>>> print(open('start-v6.cif').read())   # mmCIF, C-alpha atoms
data_structure
loop_
_atom_site.group_PDB
_atom_site.id
_atom_site.type_symbol
_atom_site.label_atom_id
_atom_site.label_comp_id
_atom_site.auth_asym_id
_atom_site.auth_seq_id
_atom_site.Cartn_x
_atom_site.Cartn_y
_atom_site.Cartn_z
ATOM 1 C CA LEU D 1 -7.662 15.431 5.602
ATOM 2 C CA VAL D 2 -9.066 16.172 2.145
ATOM 3 C CA HIS D 3 -6.232 18.169 0.648
ATOM 4 C CA ASN D 4 -5.173 19.178 -2.850
ATOM 5 C CA ASN D 5 -1.875 18.888 -4.698
ATOM 6 C CA ILE D 6 -0.340 22.116 -3.437
ATOM 7 C CA SER D 7 -1.152 21.320 0.181
ATOM 8 C CA GLU D 8 0.560 17.922 -0.122
ATOM 9 C CA ASP D 9 3.594 19.605 -1.664
ATOM 10 C CA ILE D 10 3.827 22.188 1.126
ATOM 11 C CA ALA D 11 3.168 19.698 3.933
ATOM 12 C CA PHE D 12 5.655 17.101 2.703
ATOM 13 C CA ARG D 13 8.436 19.620 2.159
ATOM 14 C CA GLN D 14 7.903 21.246 5.542
ATOM 15 C CA ILE D 15 8.134 17.875 7.284
ATOM 16 C CA LEU D 16 11.173 16.923 5.224
ATOM 17 C CA ARG D 17 12.999 20.110 6.282
ATOM 18 C CA LEU D 18 12.230 19.400 9.938
ATOM 19 C CA ALA D 19 13.290 15.771 9.549
ATOM 20 C CA LYS D 20 16.582 16.768 7.946
ATOM 21 C CA HIS D 21 17.303 19.279 10.719
ATOM 22 C CA THR D 22 16.527 16.762 13.480
ATOM 23 C CA GLU D 23 18.063 13.759 11.672
ATOM 24 C CA THR D 24 14.808 11.840 11.785
ATOM 25 C CA GLY D 25 13.507 9.138 9.474
ATOM 26 C CA ILE D 26 10.105 9.784 7.867
ATOM 27 C CA TYR D 27 7.432 7.404 6.599
ATOM 28 C CA PHE D 28 4.780 9.167 4.504
ATOM 29 C CA VAL D 29 1.488 7.274 4.526
ATOM 30 C CA HIS D 30 -1.209 7.744 1.863
ATOM 31 C CA THR D 31 0.858 9.656 -0.675
ATOM 32 C CA THR D 32 -1.611 10.851 -3.313
ATOM 33 C CA ALA D 33 -0.048 13.547 -5.511
ATOM 34 C CA LYS D 34 2.790 13.780 -8.016
ATOM 35 C CA GLU D 35 4.148 16.621 -5.874
ATOM 36 C CA GLY D 36 4.432 14.260 -2.907
ATOM 37 C CA VAL D 37 6.287 11.689 -4.994
ATOM 38 C CA ALA D 38 8.675 14.386 -6.248
ATOM 39 C CA ALA D 39 9.362 15.682 -2.734
ATOM 40 C CA ILE D 40 10.172 12.168 -1.496
ATOM 41 C CA ALA D 41 12.429 11.490 -4.489
ATOM 42 C CA GLU D 42 14.378 14.724 -3.989
ATOM 43 C CA ALA D 43 14.897 14.028 -0.284
ATOM 44 C CA ARG D 44 16.088 10.490 -0.954
ATOM 45 C CA LEU D 45 18.619 11.759 -3.507
ATOM 46 C CA GLN D 46 19.999 13.856 -0.642
ATOM 47 C CA GLN D 47 20.359 10.634 1.396
ATOM 48 C CA GLN D 48 17.483 11.384 3.753
ATOM 49 C CA PRO D 49 15.857 8.244 5.206
ATOM 50 C CA VAL D 50 12.432 8.925 3.689
ATOM 51 C CA TYR D 51 9.886 6.313 2.648
ATOM 52 C CA GLY D 52 6.693 6.711 0.644
ATOM 53 C CA GLU D 53 3.562 4.585 0.811
ATOM 54 C CA ALA D 54 0.907 4.272 -1.895
ATOM 55 C CA LEU D 55 -2.528 2.762 -1.376
ATOM 56 C CA HIS D 56 -3.618 0.543 -4.223
ATOM 57 C CA ASN D 57 -6.853 2.452 -4.802
ATOM 58 C CA TYR D 58 -4.658 5.465 -5.675
ATOM 59 C CA LEU D 59 -2.985 3.239 -8.288
ATOM 60 C CA GLU D 60 -6.223 2.661 -10.184
ATOM 61 C CA PHE D 61 -8.845 5.356 -9.594
ATOM 62 C CA THR D 62 -8.880 9.096 -10.298
ATOM 63 C CA CYS D 63 -11.122 11.908 -9.115
ATOM 64 C CA GLU D 64 -13.243 11.349 -12.231
ATOM 65 C CA ASP D 65 -14.423 8.083 -10.673
ATOM 66 C CA TYR D 66 -16.122 10.044 -7.887
ATOM 67 C CA LYS D 67 -18.647 11.212 -10.485
ATOM 68 C CA LYS D 68 -19.871 7.685 -11.200
ATOM 69 C CA PRO D 69 -22.909 6.223 -9.388
ATOM 70 C CA GLY D 70 -21.719 5.137 -5.953
ATOM 71 C CA GLY D 71 -18.396 6.806 -6.642
ATOM 72 C CA LEU D 72 -17.726 7.588 -2.988
ATOM 73 C CA ALA D 73 -17.116 3.864 -2.448
ATOM 74 C CA ILE D 74 -13.528 4.431 -3.631
ATOM 75 C CA HIS D 75 -12.830 7.302 -1.227
ATOM 76 C CA THR D 76 -9.920 7.312 1.181
ATOM 77 C CA TYR D 77 -8.225 10.223 2.928
ATOM 78 C CA PRO D 78 -6.622 12.194 1.341
ATOM 79 C CA ALA D 79 -8.936 12.473 -1.646
ATOM 80 C CA ILE D 80 -8.035 10.618 -4.842
ATOM 81 C CA LYS D 81 -6.593 13.013 -7.391
ATOM 82 C CA TYR D 82 -5.910 13.157 -11.145
ATOM 83 C CA ALA D 83 -4.616 10.721 -13.751
ATOM 84 C CA ASP D 84 -1.128 12.246 -13.735
ATOM 85 C CA ASP D 85 -0.981 11.798 -9.946
ATOM 86 C CA ARG D 86 -1.961 8.143 -10.279
ATOM 87 C CA ASP D 87 0.681 7.697 -12.967
ATOM 88 C CA ALA D 88 3.348 9.341 -10.786
ATOM 89 C CA LEU D 89 2.569 6.936 -7.937
ATOM 90 C CA LEU D 90 2.833 3.947 -10.255
ATOM 91 C CA GLN D 91 6.118 5.198 -11.682
ATOM 92 C CA GLY D 92 7.357 5.898 -8.159
ATOM 93 C CA LEU D 93 6.874 2.234 -7.302
ATOM 94 C CA VAL D 94 8.812 1.332 -10.447
ATOM 95 C CA ASP D 95 11.722 3.724 -9.906
ATOM 96 C CA GLY D 96 12.025 3.635 -6.131
ATOM 97 C CA PRO D 97 10.765 6.836 -4.414
ATOM 98 C CA MET D 98 7.659 4.910 -3.353
ATOM 99 C CA CYS D 99 8.500 1.913 -1.202
ATOM 100 C CA ILE D 100 5.282 0.203 -0.143
ATOM 101 C CA THR D 101 1.754 -0.549 -1.267
ATOM 102 C CA ALA D 102 -0.687 -0.559 1.632
ATOM 103 C CA THR D 103 -4.394 -0.322 2.471
ATOM 104 C CA ASP D 104 -6.586 1.982 4.504
ATOM 105 C CA GLU D 105 -8.589 -0.884 5.917
ATOM 106 C CA TRP D 106 -12.028 0.116 7.142
ATOM 107 C CA THR D 107 -14.515 -2.636 6.406
ATOM 108 C CA THR D 108 -18.036 -1.268 6.576
ATOM 109 C CA TYR D 109 -21.371 -1.569 4.858
ATOM 110 C CA LYS D 110 -22.186 0.311 1.673
ATOM 111 C CA GLU D 111 -24.873 2.417 3.340
ATOM 112 C CA VAL D 112 -22.317 3.751 5.822
ATOM 113 C CA LYS D 113 -19.647 4.224 3.164
ATOM 114 C CA LEU D 114 -21.952 6.295 0.944
ATOM 115 C CA SER D 115 -23.761 8.170 3.717
ATOM 116 C CA GLY D 116 -21.545 11.274 3.749
ATOM 117 C CA ASP D 117 -22.149 14.218 1.445
ATOM 118 C CA THR D 118 -19.637 16.825 2.664
ATOM 119 C CA ILE D 119 -15.924 16.927 3.453
ATOM 120 C CA LYS D 120 -16.808 16.565 7.129
ATOM 121 C CA THR D 121 -19.116 13.573 6.743
ATOM 122 C CA VAL D 122 -17.650 11.571 3.843
ATOM 123 C CA CYS D 123 -16.418 8.155 4.954
ATOM 124 C CA GLY D 124 -12.769 7.262 4.409
ATOM 125 C CA GLY D 125 -11.220 3.819 4.309
ATOM 126 C CA HIS D 126 -12.144 0.813 2.216
ATOM 127 C CA ASN D 127 -12.040 -2.970 2.265
ATOM 128 C CA GLY D 128 -8.659 -3.480 0.686
ATOM 129 C CA ILE D 129 -6.638 -6.194 2.417
ATOM 130 C CA GLU D 130 -7.714 -8.950 0.024
ATOM 131 C CA THR D 131 -7.426 -6.817 -3.114
ATOM 132 C CA ARG D 132 -4.029 -5.197 -2.493
ATOM 133 C CA MET D 133 -1.787 -7.922 -3.902
ATOM 134 C CA PRO D 134 -3.795 -8.929 -7.006
ATOM 135 C CA VAL D 135 -4.497 -5.295 -7.952
ATOM 136 C CA THR D 136 -0.839 -4.288 -7.498
ATOM 137 C CA PHE D 137 0.314 -7.343 -9.447
ATOM 138 C CA THR D 138 -2.119 -6.586 -12.268
ATOM 139 C CA LYS D 139 -1.090 -2.930 -12.481
ATOM 140 C CA LEU D 140 2.669 -3.434 -12.286
ATOM 141 C CA VAL D 141 3.829 -7.016 -12.850
ATOM 142 C CA SER D 142 1.357 -8.210 -15.477
ATOM 143 C CA THR D 143 2.230 -5.075 -17.457
ATOM 144 C CA SER D 144 5.973 -5.883 -17.151
ATOM 145 C CA ARG D 145 6.738 -2.661 -15.279
ATOM 146 C CA ILE D 146 8.364 -4.312 -12.253
ATOM 147 C CA SER D 147 9.968 -7.668 -11.489
ATOM 148 C CA LEU D 148 8.635 -10.359 -9.177
ATOM 149 C CA ASN D 149 11.377 -9.441 -6.713
ATOM 150 C CA ARG D 150 10.252 -5.819 -6.675
ATOM 151 C CA PHE D 151 6.654 -6.965 -6.202
ATOM 152 C CA ALA D 152 7.702 -8.970 -3.132
ATOM 153 C CA ASP D 153 9.536 -5.904 -1.809
ATOM 154 C CA ILE D 154 6.676 -3.417 -2.145
ATOM 155 C CA THR D 155 4.070 -5.805 -0.767
ATOM 156 C CA SER D 156 6.060 -7.422 2.056
ATOM 157 C CA GLY D 157 9.820 -7.085 2.464
ATOM 158 C CA ASN D 158 10.077 -3.299 2.560
ATOM 159 C CA ALA D 159 7.310 -2.938 5.153
ATOM 160 C CA ALA D 160 9.046 -5.428 7.441
ATOM 161 C CA LYS D 161 12.352 -3.564 7.104
ATOM 162 C CA ILE D 162 10.954 -0.066 7.556
ATOM 163 C CA LEU D 163 8.726 -1.009 10.488
ATOM 164 C CA GLY D 164 11.334 -2.951 12.425
ATOM 165 C CA MET D 165 10.125 -6.534 11.903
ATOM 166 C CA TYR D 166 12.833 -7.794 9.528
ATOM 167 C CA PRO D 167 14.066 -10.538 9.251
ATOM 168 C CA GLN D 168 11.436 -12.148 11.488
ATOM 169 C CA LYS D 169 8.948 -10.943 8.889
ATOM 170 C CA GLY D 170 9.467 -10.077 5.240
ATOM 171 C CA ALA D 171 11.898 -12.887 4.471
ATOM 172 C CA ILE D 172 11.956 -16.582 3.661
ATOM 173 C CA ALA D 173 15.023 -17.713 5.570
ATOM 174 C CA ALA D 174 16.174 -19.946 8.400
ATOM 175 C CA GLY D 175 14.976 -18.442 11.672
ATOM 176 C CA SER D 176 12.298 -16.245 10.060
ATOM 177 C CA ASP D 177 8.596 -16.829 10.564
ATOM 178 C CA ALA D 178 7.276 -19.111 7.834
ATOM 179 C CA ASP D 179 4.852 -16.499 6.463
ATOM 180 C CA ILE D 180 4.485 -17.493 2.823
ATOM 181 C CA VAL D 181 2.076 -16.543 0.035
ATOM 182 C CA ILE D 182 1.714 -18.871 -2.930
ATOM 183 C CA PHE D 183 0.670 -16.605 -5.775
ATOM 184 C CA ASP D 184 -0.498 -17.771 -9.199
ATOM 185 C CA PRO D 185 0.621 -15.152 -11.777
ATOM 186 C CA ASN D 186 -1.737 -16.479 -14.457
ATOM 187 C CA HIS D 187 -4.920 -16.927 -12.439
ATOM 188 C CA GLU D 188 -7.650 -14.492 -13.503
ATOM 189 C CA GLU D 189 -10.535 -13.345 -11.320
ATOM 190 C CA THR D 190 -13.157 -10.620 -11.365
ATOM 191 C CA ILE D 191 -13.284 -8.845 -8.014
ATOM 192 C CA SER D 192 -16.717 -8.664 -6.436
ATOM 193 C CA TYR D 193 -18.123 -8.793 -2.942
ATOM 194 C CA ARG D 194 -20.273 -11.626 -4.338
ATOM 195 C CA ASN D 195 -17.190 -13.615 -5.384
ATOM 196 C CA SER D 196 -16.234 -15.926 -2.517
ATOM 197 C CA LYS D 197 -12.697 -16.177 -3.876
ATOM 198 C CA THR D 198 -11.988 -12.441 -3.787
ATOM 199 C CA HIS D 199 -13.883 -11.456 -0.620
ATOM 200 C CA HIS D 200 -14.194 -13.127 2.757
ATOM 201 C CA MET D 201 -15.275 -10.060 4.747
ATOM 202 C CA ASN D 202 -18.744 -9.269 6.064
ATOM 203 C CA ILE D 203 -19.508 -6.510 3.547
ATOM 204 C CA ASP D 204 -22.006 -5.682 0.828
ATOM 205 C CA TYR D 205 -19.800 -3.761 -1.616
ATOM 206 C CA SER D 206 -16.321 -3.626 -3.114
ATOM 207 C CA ALA D 207 -14.458 -0.529 -4.258
ATOM 208 C CA TYR D 208 -13.108 -2.765 -7.042
ATOM 209 C CA GLU D 209 -16.426 -4.268 -8.129
ATOM 210 C CA GLY D 210 -15.943 -5.725 -11.620
ATOM 211 C CA PHE D 211 -12.167 -5.152 -11.735
ATOM 212 C CA LYS D 212 -10.423 -7.983 -13.576
ATOM 213 C CA VAL D 213 -7.123 -9.123 -12.118
ATOM 214 C CA LYS D 214 -4.427 -11.349 -13.551
ATOM 215 C CA GLY D 215 -2.449 -12.864 -10.704
ATOM 216 C CA PHE D 216 -4.105 -14.153 -7.563
ATOM 217 C CA THR D 217 -3.318 -15.494 -4.103
ATOM 218 C CA LYS D 218 -3.912 -19.237 -3.844
ATOM 219 C CA THR D 219 -2.438 -20.275 -0.494
ATOM 220 C CA VAL D 220 -1.266 -18.397 2.590
ATOM 221 C CA LEU D 221 0.845 -19.758 5.431
ATOM 222 C CA SER D 222 1.184 -17.942 8.753
ATOM 223 C CA ARG D 223 4.108 -19.120 10.871
ATOM 224 C CA GLY D 224 4.067 -22.360 8.913
ATOM 225 C CA ARG D 225 0.349 -23.081 9.255
ATOM 226 C CA ILE D 226 -1.990 -22.880 6.263
ATOM 227 C CA ILE D 227 -4.642 -20.204 6.835
ATOM 228 C CA VAL D 228 -5.847 -19.863 3.219
ATOM 229 C CA ASP D 229 -6.041 -22.858 0.893
ATOM 230 C CA ASN D 230 -7.307 -22.386 -2.669
ATOM 231 C CA SER D 231 -9.063 -19.182 -1.554
ATOM 232 C CA GLU D 232 -10.770 -20.884 1.410
ATOM 233 C CA TYR D 233 -10.063 -19.131 4.716
ATOM 234 C CA LEU D 234 -8.983 -21.543 7.454
ATOM 235 C CA GLY D 235 -7.781 -19.068 10.074
ATOM 236 C CA ARG D 236 -9.121 -18.858 13.613
ATOM 237 C CA ALA D 237 -9.712 -16.037 16.071
ATOM 238 C CA GLY D 238 -6.610 -15.591 18.187
ATOM 239 C CA ASP D 239 -4.168 -16.768 15.517
ATOM 240 C CA GLY D 240 -2.386 -13.407 15.525
ATOM 241 C CA GLU D 241 0.784 -12.802 17.479
ATOM 242 C CA PHE D 242 2.139 -9.539 18.914
ATOM 243 C CA ILE D 243 5.525 -8.518 17.531
ATOM 244 C CA LYS D 244 7.722 -6.043 19.333
ATOM 245 C CA ARG D 245 9.337 -3.843 16.717
ATOM 246 C CA GLY D 246 12.903 -2.592 16.718
ATOM 247 C CA PRO D 247 13.866 0.993 17.667
ATOM 248 C CA TYR D 248 13.566 3.614 14.922
ATOM 249 C CA GLY D 249 11.728 0.990 12.909
ATOM 250 C CA GLY D 250 14.876 -1.124 13.206
ATOM 251 C CA MET D 251 16.394 0.888 10.379
ATOM 252 C CA TYR D 252 17.548 4.346 11.339
ATOM 253 C CA THR D 253 19.655 5.731 14.136
ATOM 254 C CA PRO D 254 20.228 9.521 14.240
ATOM 255 C CA SER D 255 23.553 10.505 12.649
ATOM 256 C CA ARG D 256 23.950 6.951 11.292
ATOM 257 C CA SER D 257 21.786 6.916 8.165
ATOM 258 C CA SER D 258 24.225 4.492 6.544
ATOM 259 C CA ASN D 259 22.610 1.793 8.717
ATOM 260 C CA ILE D 260 19.543 1.782 6.482
ATOM 261 C CA PRO D 261 19.301 -1.426 4.423
ATOM 262 C CA ASP D 262 19.000 -1.143 0.655
ATOM 263 C CA ILE D 263 15.422 -1.926 -0.380
ATOM 264 C CA ALA D 264 15.108 0.309 -3.437
ATOM 265 C CA PRO D 265 15.432 -0.984 -7.012
ATOM 266 C CA SER D 266 18.779 -0.745 -8.747
ATOM 267 C CA VAL D 267 18.070 2.729 -10.142
ATOM 268 C CA ASN D 268 18.353 4.042 -6.560
ATOM 269 C CA SER D 269 20.541 1.291 -5.169
ATOM 270 C CA HIS D 270 22.522 3.716 -3.058
ATOM 271 C CA LEU D 271 19.417 4.418 -1.013
ATOM 272 C CA SER D 272 17.429 2.316 1.439
ATOM 273 C CA PRO D 273 13.703 1.531 0.946
#
>>> encode(input="start-v6.cif", output="structure tokens")
Amino acid sequence: LVHNNISEDIAFRQILRLAKHTETGIYFVHTTAKEGVAAIAEARLQQQPVYGEALHNYLEFTCEDYKKPGGLAIHTYPAIKYADDRDALLQGLVDGPMCITATDEWTTYKEVKLSGDTIKTVCGGHNGIETRMPVTFTKLVSTSRISLNRFADITSGNAAKILGMYPQKGAIAAGSDADIVIFDPNHEETISYRNSKTHHMNIDYSAYEGFKVKGFTKTVLSRGRIIVDNSEYLGRAGDGEFIKRGPYGGMYTPSRSSNIPDIAPSVNSHLSP
């Protein structure tokens, strides 16, 4: 679970060879290293249906942050790596090898999160659902590295397509669920577990404590009903709805890779996600 750059390179390439031989689509979760990004990019140039996911804590932190007081609060499996790995993940979301930003949601108390002191006992996961969109926006849109359309893709549309929920999810269209986020690109906030606008979970820490974001979620609609209004949560237990996903994630049928929709930016427009 806690692996280094060379192990990610070997593991990704081994899986990619098997996937190519068996004509299977691959979704790589928790990509952490520049070697993983490179392996995904090379496979996609060969028309393999391969999709890379980056967690937003990998887009900000490096292994140097572990050395800070309470540094283990940022930890997720695999371990966070170096600055050039972080930069490769960011560039991968710009250019197309990386398709999605996600979270490793594991909301727990700080005492539990910091209780481990070895590879076997360190606690993975972090409270990231509420921070994913503003952090990603701040890192990539506010810096003019990606467009608003690309932001919508890597935070919503691509996941729905890859995981077989499109167009019910991941689209604003007639017949789709009215799941809509109203996002203010100029709103600034400082993330803190003490800030009632940035955190609604029962926790006593934030991996992003003190991080300043530009761009923030204001209102959220789920199937047409407002569940967040001006940062106030209005949802109720039981609001969720089970969705049966399509086969092969709704995107890939063996020997028919041309069925994959195009969800990469124009630089890789001949590829899907």
>>> closest_residue(input="start-v6.cif", among="D:Ala171, D:Val228, D:Arg17, D:Asp239", to="D:Ala159", atoms="only C-alpha atoms")
D:Ala171
>>> resolve_selection(input="start-v6.cif", expression="the PyMOL selection byres ((chain D and resi 50) around 9)", output="PyMOL selection string")
chain D and resi 16+24-28+40-41+43-44+47-49+51-52+97+272-273
>>> write_last_selection(input="start-v6.cif", atoms="C-alpha atoms", output="short mmCIF file (atom, residue, chain, number, x, y, z; two decimals), in the coordinates of the input")
data_model
loop_
_atom_site.label_atom_id
_atom_site.label_comp_id
_atom_site.auth_asym_id
_atom_site.auth_seq_id
_atom_site.Cartn_x
_atom_site.Cartn_y
_atom_site.Cartn_z
CA LEU D 16 11.17 16.92 5.22
CA THR D 24 14.81 11.84 11.78
CA GLY D 25 13.51 9.14 9.47
CA ILE D 26 10.10 9.78 7.87
CA TYR D 27 7.43 7.40 6.60
CA PHE D 28 4.78 9.17 4.50
CA ILE D 40 10.17 12.17 -1.50
CA ALA D 41 12.43 11.49 -4.49
CA ALA D 43 14.90 14.03 -0.28
CA ARG D 44 16.09 10.49 -0.95
CA GLN D 47 20.36 10.63 1.40
CA GLN D 48 17.48 11.38 3.75
CA PRO D 49 15.86 8.24 5.21
CA TYR D 51 9.89 6.31 2.65
CA GLY D 52 6.69 6.71 0.64
CA PRO D 97 10.76 6.84 -4.41
CA SER D 272 17.43 2.32 1.44
CA PRO D 273 13.70 1.53 0.95
#
>>> residues_around(input="start-v6.cif", residues="D:Gly70", least_positions_apart="2", cutoff="12 Å", atoms="all atoms listed in the file", output="list in words")
Asp65, Tyr66, Lys67, Lys68, Leu72, Ala73, Ile74, His75, Lys110, Glu111, Val112, Lys113, Leu114, Ser115, Gly116, Asp117, Tyr205, Ser206, Ala207, Tyr208 and Glu209 of chain D
>>> residues_around(input="start-v6.cif", residues="D:Asn230", least_positions_apart="4", cutoff="12 Å", atoms="all atoms listed in the file", output="number ranges by chain")
D: 181-184, 187, 196-198, 216-221, 226, 234
>>> resolve_selection(input="start-v6.cif", expression="the PyMOL selection byres ((chain D and resi 222) around 8)", output="tab-separated table (two decimals) with C-alpha atoms, in the frame of the given file")
chain	number	residue	atom	x	y	z
D	177	ASP	CA	8.60	-16.83	10.56
D	178	ALA	CA	7.28	-19.11	7.83
D	179	ASP	CA	4.85	-16.50	6.46
D	180	ILE	CA	4.49	-17.49	2.82
D	220	VAL	CA	-1.27	-18.40	2.59
D	221	LEU	CA	0.84	-19.76	5.43
D	223	ARG	CA	4.11	-19.12	10.87
D	224	GLY	CA	4.07	-22.36	8.91
D	225	ARG	CA	0.35	-23.08	9.26
D	226	ILE	CA	-1.99	-22.88	6.26
D	227	ILE	CA	-4.64	-20.20	6.84
>>> residues_around(input="start-v6.cif", residues="stretch 130-144 of chain D", least_positions_apart="3", cutoff="7 Å", atoms="all atoms listed in the file", output="VMD selection string")
chain D and resid 56 103 147 to 148 155 198 to 199 213 to 216
>>> write_last_selection(input="start-v6.cif", atoms="C-alpha atoms", output="short mmCIF file (atom, residue, chain, number, x, y, z; two decimals), in the frame of the given file")
data_model
loop_
_atom_site.label_atom_id
_atom_site.label_comp_id
_atom_site.auth_asym_id
_atom_site.auth_seq_id
_atom_site.Cartn_x
_atom_site.Cartn_y
_atom_site.Cartn_z
CA HIS D 56 -3.62 0.54 -4.22
CA THR D 103 -4.39 -0.32 2.47
CA SER D 147 9.97 -7.67 -11.49
CA LEU D 148 8.64 -10.36 -9.18
CA THR D 155 4.07 -5.80 -0.77
CA THR D 198 -11.99 -12.44 -3.79
CA HIS D 199 -13.88 -11.46 -0.62
CA VAL D 213 -7.12 -9.12 -12.12
CA LYS D 214 -4.43 -11.35 -13.55
CA GLY D 215 -2.45 -12.86 -10.70
CA PHE D 216 -4.11 -14.15 -7.56
#
>>> decode(input="start-v6.cif", residues="stretch 157-169 of chain D", atoms="N, CA and C atoms", output="PDB file, in the first residue's frame")
ATOM      1  N   GLY D 157     -18.238  15.139 -15.077  1.00  0.00           N
ATOM      2  CA  GLY D 157     -18.633  14.462 -16.310  1.00  0.00           C
ATOM      3  C   GLY D 157     -17.863  13.198 -16.610  1.00  0.00           C
ATOM      4  N   ASN D 158     -16.537  13.244 -16.459  1.00  0.00           N
ATOM      5  CA  ASN D 158     -15.727  12.068 -16.785  1.00  0.00           C
ATOM      6  C   ASN D 158     -16.038  10.887 -15.879  1.00  0.00           C
ATOM      7  N   ALA D 159     -16.239  11.151 -14.587  1.00  0.00           N
ATOM      8  CA  ALA D 159     -16.555  10.063 -13.654  1.00  0.00           C
ATOM      9  C   ALA D 159     -17.854   9.381 -14.052  1.00  0.00           C
ATOM     10  N   ALA D 160     -18.860  10.174 -14.423  1.00  0.00           N
ATOM     11  CA  ALA D 160     -20.141   9.601 -14.825  1.00  0.00           C
ATOM     12  C   ALA D 160     -19.990   8.738 -16.071  1.00  0.00           C
ATOM     13  N   LYS D 161     -19.159   9.187 -17.018  1.00  0.00           N
ATOM     14  CA  LYS D 161     -18.961   8.424 -18.251  1.00  0.00           C
ATOM     15  C   LYS D 161     -18.174   7.142 -18.006  1.00  0.00           C
ATOM     16  N   ILE D 162     -17.091   7.252 -17.267  1.00  0.00           N
ATOM     17  CA  ILE D 162     -16.243   6.080 -17.021  1.00  0.00           C
ATOM     18  C   ILE D 162     -16.975   5.033 -16.199  1.00  0.00           C
ATOM     19  N   LEU D 163     -17.767   5.470 -15.231  1.00  0.00           N
ATOM     20  CA  LEU D 163     -18.386   4.546 -14.281  1.00  0.00           C
ATOM     21  C   LEU D 163     -19.813   4.163 -14.664  1.00  0.00           C
ATOM     22  N   GLY D 164     -20.208   4.481 -15.888  1.00  0.00           N
ATOM     23  CA  GLY D 164     -21.462   3.946 -16.404  1.00  0.00           C
ATOM     24  C   GLY D 164     -22.707   4.627 -15.895  1.00  0.00           C
ATOM     25  N   MET D 165     -22.643   5.922 -15.570  1.00  0.00           N
ATOM     26  CA  MET D 165     -23.814   6.643 -15.076  1.00  0.00           C
ATOM     27  C   MET D 165     -24.242   7.786 -16.002  1.00  0.00           C
ATOM     28  N   TYR D 166     -23.537   7.952 -17.104  1.00  0.00           N
ATOM     29  CA  TYR D 166     -23.819   9.026 -18.056  1.00  0.00           C
ATOM     30  C   TYR D 166     -24.854   8.560 -19.081  1.00  0.00           C
ATOM     31  N   PRO D 167     -25.820   9.371 -19.473  1.00  0.00           N
ATOM     32  CA  PRO D 167     -26.017  10.790 -19.143  1.00  0.00           C
ATOM     33  C   PRO D 167     -26.983  11.038 -17.990  1.00  0.00           C
ATOM     34  N   GLN D 168     -27.373   9.979 -17.243  1.00  0.00           N
ATOM     35  CA  GLN D 168     -28.219  10.248 -16.082  1.00  0.00           C
ATOM     36  C   GLN D 168     -27.508  11.188 -15.115  1.00  0.00           C
ATOM     37  N   LYS D 169     -26.199  10.935 -14.939  1.00  0.00           N
ATOM     38  CA  LYS D 169     -25.355  11.807 -14.141  1.00  0.00           C
ATOM     39  C   LYS D 169     -24.288  12.422 -15.043  1.00  0.00           C
TER      40      LYS D 169
END
